[in-house]
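**Q** The structure's right below; bear with me while I get my questions together.
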Amino acid sequence: MLPALTDLAQFRDLLGKAPGPDTAARSEAEARNGQLTKPPGALGRLEDLAIWYAGWRGDARPEIKAPQVIVFAGNHGVTAQGVSAFPAEVTVQMVMNFRHGGAAINQLARAAGARMDVHALELDRPTQDFTQGPAMSGAELLSALQTGWSAVDPQADLLVVGEMGIGNTTPAAAIAHALFGGTAADWTGRGTGVNDAGLANKTRVVAEGVSLHRSRDGLEVLRCLGGRELAAMAGAIAAARQLRIPVILDGFICTAAAATLAAISVDALDHTVAGHQSSEGAHRVLLEKLGKEALLSLGLRLGEGSGAALAINILKSAVACHSGMATFAEAGVSDG
Ligand SMILES: Cc1cc2ncn([C@H]3O[C@H](COP(=O)(O)O)[C@@H](O)[C@H]3O)c2cc1C
Ligand SMILES: O=C(O)c1cccnc1
């Protein structure tokens, strides 16, 4: 059962005491993996993925039947600083596109056999420009976390969270810079495709934001430098943990949102895998900081949950092999 999310202290507390995987189911899955009709290790990472999934689902022979993709949308005051190649009104226009089934994520979710939900978070009320003050108040952060928290279907057996929010590679870079140090330039990329002058301006904006809000606390970083759709993604990832629903992380923005949870509780992302490595410059390093290795690297730099949705079929395939293959004994195949 998922408790109602009532305040930020409770959120922090729930993260600290989040459930772990079912170790008995995990061991049973490991034993089963060792008996399947293949040379040991021949399915490579698919084997680890299936065992990981089995542990989180508490079922040594699981199936993936009900994946859920949730796209959260938010607007950002920091777009006033000219940080995106596209105008802020594209956020609401893309939300309509998602609802009409016309975006990349609609096709990828359908191809993966996933249900898709879209939550627009107060698009007519952008967050505050974080170079001027905190992006959100505590109440605004809580409300965005709650949207994500309650958007997860408890019956889902796999979750992908994606986002739409013009300008949001800037808060993502600022979060990464605040949490992991280095320079603003280390974390700032071209997003939708800003030119060299645009990249220099965006890097300045990230540096200014991070020097104004000096906290390294995950929730405070999310509040001061994040955005509503990033907070909603964090809320959904945390809710999935309570429900023991494994999560596939998407690109740079999703991973930055997730990183705020790991900053609060170090094992908060143990129920997640990295779906892909985005070509947004700093994503590879961000994944490294979180100890995650991406499943796919296809040069995507879209967000929306696109790379994670693509990885659903990899995870489904891993689990199908694990649960569907015969053992040596069942098939009458001689083992080594
Ligand atoms: C038509 C369109 C569709 C998108 N779908 C995702 N994004 C992606 O681009 C945005 C982040 O890049 P930046 O920080 O440079 O604005 C986010 O909305 C992200 O989801 C899109 C962007 C556009 C223009
Ligand atoms: O990696 C991402 O999520 C990403 C990169 C660029 C633009 N939008 C999203």
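Ordering of the structure tokens sets the chain letters (A, B, ...), residue numbers begin anew at 1 in every chain, and ligands are numbered from 1 in the order given.
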Considering only C-alpha atoms and all ligand atoms, tabulate each residue of chain A that lies at most 7 Å from ligand 1 along with its nearest interatomic pair and the corresponding distance in Å to one decimal; arrange the rows by chain and ascending residue number and present them as a Markdown table.

**A**
| residue | atom | partner | partner_atom_place_in_ligand_line | distance |
| --- | --- | --- | --- | --- |
| A:Val83 | CA | ligand 1 | 14 (O) | 6.7 |
| A:Ser84 | CA | ligand 1 | 15 (O) | 4.1 |
| A:Ala85 | CA | ligand 1 | 15 (O) | 5.7 |
| A:Phe86 | CA | ligand 1 | 24 (C) | 5.4 |
| A:Val90 | CA | ligand 1 | 24 (C) | 6.4 |
| A:Thr91 | CA | ligand 1 | 18 (O) | 6.3 |
| A:Met94 | CA | ligand 1 | 3 (C) | 6.3 |
| A:Glu163 | CA | ligand 1 | 20 (O) | 5.1 |
| A:Met164 | CA | ligand 1 | 20 (O) | 3.8 |
| A:Gly165 | CA | ligand 1 | 18 (O) | 3.7 |
| A:Ile166 | CA | ligand 1 | 16 (O) | 3.8 |
| A:Gly167 | CA | ligand 1 | 14 (O) | 3.4 |
| A:Asn168 | CA | ligand 1 | 14 (O) | 4.3 |
| A:Thr169 | CA | ligand 1 | 14 (O) | 3.8 |
| A:Thr170 | CA | ligand 1 | 14 (O) | 5.6 |
| A:Arg190 | CA | ligand 1 | 15 (O) | 6.3 |
| A:Gly191 | CA | ligand 1 | 15 (O) | 3.5 |
| A:Thr192 | CA | ligand 1 | 15 (O) | 3.7 |
| A:Gly193 | CA | ligand 1 | 15 (O) | 6.2 |
| A:Val194 | CA | ligand 1 | 15 (O) | 6.8 |
| A:Leu302 | CA | ligand 1 | 6 (C) | 4.8 |
| A:Gly303 | CA | ligand 1 | 20 (O) | 4.4 |
| A:Glu304 | CA | ligand 1 | 20 (O) | 5.0 |

**Q** Write out as a VMD selection string which residues come within 7 Å of Gly58 of chain A when counting only C-alpha atoms, dropping same-chain ones fewer than 4 positions away.

**A** chain A and resid 22 25 54

**Q** Per residue of segment 21-124 of chain A within 12 Å of segment 228-234 of chain A, record the nearest atom pair and its distance in Å to one decimal, counting only C-alpha atoms, with rows in chain order and ascending residue number, as a tab-separated table.

**A**
residue	atom	partner	partner_atom	distance
A:Val69	CA	A:Met233	CA	11.1
A:Ile70	CA	A:Met233	CA	8.6
A:Val71	CA	A:Glu229	CA	8.5
A:Phe72	CA	A:Glu229	CA	5.1
A:Ala73	CA	A:Glu229	CA	5.2
A:Gly74	CA	A:Glu229	CA	4.9
A:Asn75	CA	A:Arg228	CA	7.6
A:His76	CA	A:Arg228	CA	8.5
A:Gly77	CA	A:Arg228	CA	11.3
A:Thr91	CA	A:Glu229	CA	11.2
A:Val118	CA	A:Glu229	CA	10.9
A:His119	CA	A:Glu229	CA	8.7
A:Ala120	CA	A:Glu229	CA	8.1
A:Leu121	CA	A:Arg228	CA	6.5
A:Glu122	CA	A:Arg228	CA	8.3
A:Leu123	CA	A:Arg228	CA	9.3

**Q** List every residue of segment 134-179 of chain A that DSSP, applied to the backbone, labels as alpha helix (DSSP H), and write the result as a list in words.

**A**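 Taking segment 134-179 of chain A and keeping alpha helix (DSSP H) only, one gets Gly138, Ala139, Glu140, Leu141, Leu142, Ser143, Ala144, Leu145, Gln146, Thr147, Gly148, Trp149, Ser150, Ala151, Thr169, Thr170, Pro171, Ala172, Ala173, Ala174, Ile175, Ala176, His177, Ala178 and Leu179 of chain A.
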
**Q** Deliver the residues from the most recent selection as a file, using C-alpha atoms, as an mmCIF file, in the first residue's frame.

**A**
data_model
loop_
_atom_site.group_PDB
_atom_site.id
_atom_site.type_symbol
_atom_site.label_atom_id
_atom_site.label_comp_id
_atom_site.auth_asym_id
_atom_site.auth_seq_id
_atom_site.Cartn_x
_atom_site.Cartn_y
_atom_site.Cartn_z
ATOM 1 C CA GLY A 138 8.222 24.228 -0.175
ATOM 2 C CA ALA A 139 4.463 23.966 -0.821
ATOM 3 C CA GLU A 140 4.993 24.022 -4.589
ATOM 4 C CA LEU A 141 7.652 21.323 -4.341
ATOM 5 C CA LEU A 142 5.380 19.146 -2.200
ATOM 6 C CA SER A 143 2.492 19.574 -4.624
ATOM 7 C CA ALA A 144 4.665 18.531 -7.597
ATOM 8 C CA LEU A 145 6.064 15.550 -5.675
ATOM 9 C CA GLN A 146 2.479 14.545 -4.808
ATOM 10 C CA THR A 147 1.450 14.661 -8.478
ATOM 11 C CA GLY A 148 4.201 12.178 -9.309
ATOM 12 C CA TRP A 149 3.603 10.093 -6.197
ATOM 13 C CA SER A 150 -0.066 9.536 -6.970
ATOM 14 C CA ALA A 151 0.376 9.119 -10.737
ATOM 15 C CA THR A 169 18.023 20.904 -19.482
ATOM 16 C CA THR A 170 19.075 24.062 -17.599
ATOM 17 C CA PRO A 171 17.619 23.013 -14.207
ATOM 18 C CA ALA A 172 18.893 19.490 -14.882
ATOM 19 C CA ALA A 173 22.438 20.817 -15.381
ATOM 20 C CA ALA A 174 22.116 23.029 -12.310
ATOM 21 C CA ILE A 175 20.987 20.082 -10.170
ATOM 22 C CA ALA A 176 23.923 17.967 -11.369
ATOM 23 C CA HIS A 177 26.367 20.802 -10.751
ATOM 24 C CA ALA A 178 24.955 21.455 -7.261
ATOM 25 C CA LEU A 179 25.045 17.772 -6.297
#

**Q** Would you please give, as a PyMOL selection string, all residues of segment 77-263 of chain A that DSSP assigns to strand (DSSP E or B) based on the backbone?

**A** chain A and resi 115-120+127+158-164+247-249

**Q** Please produce an output containing N, CA and C atoms for each residue in the selection, written as a short mmCIF file (atom, residue, chain, number, x, y, z; two decimals), in the first residue's frame.

**A**
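New file again.cif:
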data_model
loop_
_atom_site.label_atom_id
_atom_site.label_comp_id
_atom_site.auth_asym_id
_atom_site.auth_seq_id
_atom_site.Cartn_x
_atom_site.Cartn_y
_atom_site.Cartn_z
N ARG A 115 1.09 1.37 -21.29
CA ARG A 115 0.07 2.40 -21.14
C ARG A 115 0.80 3.73 -20.96
N MET A 116 0.23 4.82 -21.43
CA MET A 116 0.90 6.12 -21.26
C MET A 116 -0.06 7.15 -20.67
N ASP A 117 0.40 7.85 -19.64
CA ASP A 117 -0.37 8.93 -19.00
C ASP A 117 0.42 10.23 -19.11
N VAL A 118 -0.32 11.33 -19.19
CA VAL A 118 0.32 12.65 -19.30
C VAL A 118 -0.22 13.53 -18.17
N HIS A 119 0.69 14.16 -17.42
CA HIS A 119 0.28 15.09 -16.36
C HIS A 119 0.94 16.44 -16.60
N ALA A 120 0.14 17.44 -16.88
CA ALA A 120 0.66 18.80 -17.04
C ALA A 120 0.57 19.50 -15.68
N THR A 127 7.77 28.06 -12.94
CA THR A 127 8.57 28.23 -11.72
C THR A 127 9.27 29.59 -11.77
N LEU A 158 6.11 -2.17 -14.20
CA LEU A 158 7.33 -1.50 -14.67
C LEU A 158 6.96 -0.05 -14.93
N LEU A 159 7.88 0.86 -14.58
CA LEU A 159 7.56 2.29 -14.73
C LEU A 159 8.65 3.01 -15.52
N VAL A 160 8.19 3.87 -16.43
CA VAL A 160 9.07 4.82 -17.13
C VAL A 160 8.52 6.21 -16.84
N VAL A 161 9.39 7.12 -16.40
CA VAL A 161 8.95 8.51 -16.24
C VAL A 161 9.69 9.38 -17.25
N GLY A 162 8.92 10.22 -17.91
CA GLY A 162 9.49 11.14 -18.90
C GLY A 162 9.01 12.55 -18.64
N GLU A 163 9.55 13.48 -19.37
CA GLU A 163 9.20 14.89 -19.12
C GLU A 163 9.12 15.70 -20.41
N MET A 164 8.40 16.80 -20.29
CA MET A 164 8.36 17.83 -21.33
C MET A 164 8.38 19.17 -20.61
N VAL A 247 11.92 0.65 -12.11
CA VAL A 247 11.84 1.87 -12.93
C VAL A 247 12.98 1.87 -13.94
N ILE A 248 12.69 2.29 -15.16
CA ILE A 248 13.74 2.53 -16.15
C ILE A 248 13.92 4.05 -16.26
N LEU A 249 15.13 4.50 -15.98
CA LEU A 249 15.42 5.93 -16.08
C LEU A 249 15.62 6.32 -17.54
#

**Q** At a cut-off of 8 Å, using only C-alpha atoms, what residues contact Ala207 of chain A? Leave out same-chain residues fewer than 4 positions from it and give the result as a PyMOL selection string.

**A** chain A and resi 174+183-184+203+211

**Q** So how far away is atom CA of Gly251 of chain A from atom 6 (C, counted along the ligand's line) of ligand 2, in Å?

**A**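 Distance between the two atoms: 7.7 Å.
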
**Q** Let me make sure I understand: among A:Ala240, A:Val210, A:Gly189, A:Ala258, which one has the smallest atom-to-atom distance to Ser279 of chain A if we use only C-alpha atoms?

**A**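 The answer is A:Gly189, which sits nearest to Ser279 of chain A.
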